[in-house]
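K.L.:
I am sharing coords29.pdb, which consists of PDB, C-alpha atoms:
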MODEL        1
ATOM      1  CA  GLU A 652     -40.847 155.155-121.285
ATOM      2  CA  GLY A 653     -39.741 158.174-119.293
ATOM      3  CA  ILE A 654     -38.566 161.779-119.308
ATOM      4  CA  VAL A 655     -34.813 162.383-119.197
ATOM      5  CA  ASN A 656     -33.233 165.797-118.539
ATOM      6  CA  MET A 657     -31.018 165.820-121.637
ATOM      7  CA  SER A 658     -31.600 166.803-125.229
ATOM      8  CA  PRO A 659     -32.422 163.971-127.665
ATOM      9  CA  LEU A 660     -29.056 164.392-129.397
ATOM     10  CA  THR A 661     -27.149 164.296-126.090
ATOM     11  CA  ILE A 662     -28.849 161.018-125.130
ATOM     12  CA  ALA A 663     -28.189 159.521-128.561
ATOM     13  CA  GLU A 664     -24.514 160.499-128.405
ATOM     14  CA  LEU A 665     -24.222 159.014-124.898
ATOM     15  CA  LEU A 666     -25.706 155.674-125.960
ATOM     16  CA  LEU A 667     -23.458 155.468-129.026
ATOM     17  CA  ASP A 668     -20.234 156.348-127.181
ATOM     18  CA  SER A 669     -18.711 152.994-126.218
ATOM     19  CA  SER A 670     -16.317 154.636-123.757
ATOM     20  CA  ARG A 671     -19.292 155.907-121.685
ATOM     21  CA  VAL A 672     -21.436 152.750-121.506
ATOM     22  CA  LYS A 673     -20.695 152.216-117.790
ATOM     23  CA  GLU A 674     -22.353 155.566-116.997
ATOM     24  CA  TYR A 675     -25.784 154.072-117.663
ATOM     25  CA  ASN A 676     -25.201 150.286-117.596
ATOM     26  CA  LYS A 677     -23.841 149.164-114.232
ATOM     27  CA  LEU A 678     -23.665 145.507-115.346
ATOM     28  CA  SER A 679     -21.425 146.263-118.328
ATOM     29  CA  LEU A 680     -17.794 145.207-118.224
ATOM     30  CA  GLY A 681     -17.179 147.409-121.248
ATOM     31  CA  ARG A 682     -18.017 147.897-124.888
ATOM     32  CA  GLU A 683     -15.814 148.228-127.948
ATOM     33  CA  ASP A 684     -16.516 149.385-131.473
ATOM     34  CA  ILE A 685     -15.710 146.503-133.805
ATOM     35  CA  LEU A 686     -16.653 148.232-137.056
ATOM     36  CA  VAL A 687     -17.762 151.812-137.710
ATOM     37  CA  LEU A 688     -19.613 152.038-141.020
ATOM     38  CA  GLN A 689     -20.680 155.663-140.757
ATOM     39  CA  ASP A 690     -20.128 158.183-137.965
ATOM     40  CA  ASP A 691     -21.575 161.560-138.955
ATOM     41  CA  LEU A 692     -25.235 162.545-138.625
ATOM     42  CA  ASN A 693     -24.610 165.633-140.748
ATOM     43  CA  LYS A 694     -22.999 163.889-143.719
ATOM     44  CA  GLU A 695     -24.890 161.969-146.383
ATOM     45  CA  GLY A 696     -23.562 158.416-146.626
ATOM     46  CA  PRO A 697     -24.656 155.000-147.856
ATOM     47  CA  PHE A 698     -27.191 154.817-144.998
ATOM     48  CA  GLY A 699     -28.358 158.426-145.298
ATOM     49  CA  LYS A 700     -27.416 160.899-142.586
ATOM     50  CA  SER A 701     -26.779 158.436-139.797
ATOM     51  CA  ILE A 702     -24.376 156.742-137.433
ATOM     52  CA  THR A 703     -23.992 153.006-137.990
ATOM     53  CA  LYS A 704     -21.594 150.680-136.205
ATOM     54  CA  VAL A 705     -21.079 147.184-134.828
ATOM     55  CA  VAL A 706     -20.138 146.896-131.141
ATOM     56  CA  ARG A 707     -19.216 144.129-128.698
ATOM     57  CA  ASN A 708     -20.525 144.542-125.160
ATOM     58  CA  THR A 709     -19.744 142.243-122.247
ATOM     59  CA  SER A 710     -21.654 142.129-118.978
ATOM     60  CA  LYS A 711     -21.613 140.167-115.778
ATOM     61  CA  PRO A 712     -25.111 139.946-114.281
ATOM     62  CA  PRO A 713     -25.443 138.916-110.643
ATOM     63  CA  MET A 714     -25.872 135.183-110.027
ATOM     64  CA  MET A 715     -24.179 134.300-113.334
ATOM     65  CA  ARG A 716     -20.870 132.462-113.389
ATOM     66  CA  ARG A 717     -19.983 133.378-116.941
ATOM     67  CA  THR A 718     -19.915 136.641-118.810
ATOM     68  CA  LEU A 719     -22.630 137.578-121.323
ATOM     69  CA  GLU A 720     -21.502 138.913-124.694
ATOM     70  CA  PHE A 721     -23.590 140.904-127.155
ATOM     71  CA  VAL A 722     -22.402 141.744-130.668
ATOM     72  CA  THR A 723     -24.798 144.345-131.995
ATOM     73  CA  LEU A 724     -25.370 146.517-135.047
ATOM     74  CA  MET A 725     -26.457 150.018-133.947
ATOM     75  CA  HIS A 726     -28.041 152.517-136.353
ATOM     76  CA  LEU A 727     -29.056 156.091-135.405
ATOM     77  CA  LYS A 728     -31.010 158.539-137.571
ATOM     78  CA  GLU A 729     -32.801 161.800-136.990
ATOM     79  CA  LEU A 730     -36.576 161.516-137.312
ATOM     80  CA  PRO A 731     -37.994 162.931-140.578
ATOM     81  CA  ASP A 732     -39.852 165.703-138.724
ATOM     82  CA  GLY A 733     -36.664 166.732-136.876
ATOM     83  CA  ASN A 734     -38.374 166.140-133.521
ATOM     84  CA  GLY A 735     -35.844 163.618-132.224
ATOM     85  CA  TYR A 736     -33.873 160.488-133.078
ATOM     86  CA  ILE A 737     -34.352 156.757-133.421
ATOM     87  CA  LEU A 738     -31.687 154.221-132.479
ATOM     88  CA  VAL A 739     -32.266 150.696-133.781
ATOM     89  CA  SER A 740     -30.167 147.734-132.612
ATOM     90  CA  ARG A 741     -29.947 144.211-133.975
ATOM     91  CA  ALA A 742     -27.814 141.216-133.033
ATOM     92  CA  VAL A 743     -24.938 140.310-135.299
ATOM     93  CA  THR A 744     -23.505 136.874-134.611
ATOM     94  CA  PRO A 745     -19.814 136.522-135.445
ATOM     95  CA  SER A 746     -18.220 133.147-135.950
ATOM     96  CA  ASP A 747     -16.445 131.766-132.868
ATOM     97  CA  ASP A 748     -13.117 132.412-134.604
ATOM     98  CA  GLU A 749     -13.923 136.129-134.926
ATOM     99  CA  SER A 750     -15.316 136.569-131.423
ATOM    100  CA  GLY A 751     -12.073 135.852-129.589
ATOM    101  CA  SER A 752     -14.040 134.536-126.613
ATOM    102  CA  GLN A 753     -12.946 130.859-126.839
ATOM    103  CA  GLY A 754     -16.129 129.678-125.105
ATOM    104  CA  LYS A 755     -15.567 131.811-121.999
ATOM    105  CA  VAL A 756     -18.775 133.771-122.528
ATOM    106  CA  ILE A 757     -22.435 133.082-123.149
ATOM    107  CA  ARG A 758     -23.406 134.643-126.451
ATOM    108  CA  SER A 759     -26.619 136.628-126.064
ATOM    109  CA  GLU A 760     -28.527 138.559-128.669
ATOM    110  CA  ILE A 761     -30.442 141.790-128.843
ATOM    111  CA  LEU A 762     -32.957 140.403-131.328
ATOM    112  CA  THR A 763     -34.467 143.845-131.733
ATOM    113  CA  GLY A 764     -33.886 147.068-129.866
ATOM    114  CA  VAL A 765     -35.554 150.414-130.529
ATOM    115  CA  ASN A 766     -34.868 153.622-128.620
ATOM    116  CA  LEU A 767     -36.929 156.653-129.547
ATOM    117  CA  PHE A 768     -35.764 160.059-128.275
ATOM    118  CA  LEU A 769     -38.458 162.743-128.684
ATOM    119  CA  ARG A 770     -38.061 166.432-127.844
ATOM    120  CA  VAL A 771     -40.341 167.648-125.077
ATOM    121  CA  GLU A 772     -42.206 170.600-126.536
ATOM    122  CA  GLY A 773     -41.071 173.865-124.973
ATOM    123  CA  ASP A 774     -37.956 172.406-123.315
ATOM    124  CA  GLU A 775     -34.960 171.598-125.515
ATOM    125  CA  HIS A 776     -33.133 169.987-122.577
ATOM    126  CA  ARG A 777     -35.763 167.314-121.849
ATOM    127  CA  THR A 778     -36.526 164.180-123.812
ATOM    128  CA  LEU A 779     -39.287 161.616-123.838
ATOM    129  CA  MET A 780     -37.364 158.365-124.194
ATOM    130  CA  ILE A 781     -39.198 155.219-125.256
ATOM    131  CA  THR A 782     -37.210 151.982-125.165
ATOM    132  CA  VAL A 783     -38.267 148.540-126.385
ATOM    133  CA  ASN A 784     -35.845 145.595-126.389
ATOM    134  CA  HIS A 785     -36.244 141.917-127.181
ATOM    135  CA  LEU A 786     -33.265 139.900-125.981
ATOM    136  CA  PHE A 787     -32.344 136.238-126.211
ATOM    137  CA  SER A 788     -29.934 134.771-123.690
ATOM    138  CA  PRO A 789     -29.571 131.016-123.901
ATOM    139  CA  MET A 790     -28.313 129.357-120.752
ATOM    140  CA  VAL A 791     -29.873 132.078-118.568
ATOM    141  CA  PRO A 792     -32.768 130.601-116.551
ATOM    142  CA  MET A 793     -36.091 132.355-117.253
ATOM    143  CA  MET A 794     -36.540 133.337-113.584
ATOM    144  CA  ILE A 795     -33.159 135.101-113.567
ATOM    145  CA  ALA A 796     -33.725 136.625-117.026
ATOM    146  CA  LYS A 797     -37.034 138.179-115.923
ATOM    147  CA  LYS A 798     -35.505 139.559-112.723
ATOM    148  CA  ILE A 799     -32.482 140.980-114.565
ATOM    149  CA  GLY A 800     -34.723 142.401-117.302
ATOM    150  CA  LEU A 801     -36.997 144.282-114.926
ATOM    151  CA  SER A 802     -34.206 145.619-112.734
ATOM    152  CA  SER A 803     -32.127 146.562-115.784
ATOM    153  CA  ALA A 804     -34.997 148.506-117.352
ATOM    154  CA  SER A 805     -35.713 150.561-114.232
ATOM    155  CA  GLY A 806     -31.998 150.928-113.490
ATOM    156  CA  PHE A 807     -31.369 152.163-117.028
ATOM    157  CA  PHE A 808     -33.817 155.054-116.643
ATOM    158  CA  TYR A 809     -32.538 155.822-113.150
ATOM    159  CA  ASP A 810     -28.921 155.928-114.383
ATOM    160  CA  MET A 811     -29.873 158.053-117.408
ATOM    161  CA  ARG A 812     -31.483 160.587-115.087
ATOM    162  CA  ALA A 813     -28.512 160.705-112.693
TER     163      ALA A 813
ENDMDL
END
Now that the file is in, can you turn its structure into structure tokens?

P.N.:
Amino acid sequence: EGIVNMSPLTIAELLLDSSRVKEYNKLSLGREDILVLQDDLNKEGPFGKSITKVVRNTSKPPMMRRTLEFVTLMHLKELPDGNGYILVSRAVTPSDDESGSQGKVIRSEILTGVNLFLRVEGDEHRTLMITVNHLFSPMVPMMIAKKIGLSSASGFFYDMRA
């Protein structure tokens, strides 16, 4: 949880833009949109007014020999009261044939991810951002996973504020 000097919509757009992922995730090797199901918050679609897509993100944490790969469904909606946005993420596991990785990566999962972007009352350019993630990374020792998790969380807020 923390305050970020951007509007809720600006933060949401940043997190959804795969070409900008390295601005806030220093461990990322890149992210690509695999499937865009809906891409307009102002247009009513099958998922309401929302942005929904599937992305593939690869990262190379320190002390790891192989690359981590996440295939994730991301869904963004404006909150009913108009006071911000919610971005929900969930792992989507493709078959090995579809992944194109040929065993060169460790498949990891964002079991559940929720990012809440709330307007700070009286300041349209500041946001209270609350982030909760539950990840699963087989083959990553628990000691390393905890260290990466803590440093990634604090680094994420630091990079968002930069």

K.L.:
If you count all atoms listed in the file, which residues fall within 7 Å of Lys711 in chain A, apart from same-chain ones fewer than 2 positions away, as JSON, numbers by chain?

P.N.:
{"A": [678, 679, 680, 713, 715, 718, 719]}

K.L.:
Which is closer to Arg777 in chain A than all the others in A:Leu724, A:Gly735, A:Thr744, A:Lys694, using only C-alpha atoms?

P.N.:
A:Gly735

K.L.:
Rounded to one decimal, what separation in Å do you get between CA of Asn766 in chain A and CA of His726 in chain A?

P.N.:
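So the answer is 10.4 Å.
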
K.L.:
Going by the chain IDs and residue numbers used in this file, which residues fall under the PyMOL selection byres ((chain A and resi 703) around 6)? Write them as a ChimeraX atom specification.

P.N.:
/A:688-689,702,704,725-726

K.L.:
Report the residues retrieved by the PyMOL selection byres ((chain A and resi 733) around 12) from the displayed file, expressed as a VMD selection string.

P.N.:
chain A and resid 659 to 660 728 to 732 734 to 737 768 to 770

K.L.:
Please determine, counting all atoms listed in the file, which residue among A:Ile654, A:Leu727, A:Leu779, A:Ala742 has the shortest atom-to-atom distance to Lys700 in chain A.

P.N.:
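For Lys700 in chain A, the nearest of the given residues is A:Leu727.
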
K.L.:
What is the distance, in Å and to one decimal place, between CA of Thr782 in chain A and CA of Arg741 in chain A?

P.N.:
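Between CA of Thr782 in chain A and CA of Arg741 in chain A the gap works out to 13.8 Å.
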
K.L.:
Name the residues within 12 Å of (-33.8, 143.4, -131.3), counting only C-alpha atoms in the file's coordinates, and put them as number ranges by chain.

P.N.:
A: 721-726, 738-743, 759-766, 782-787
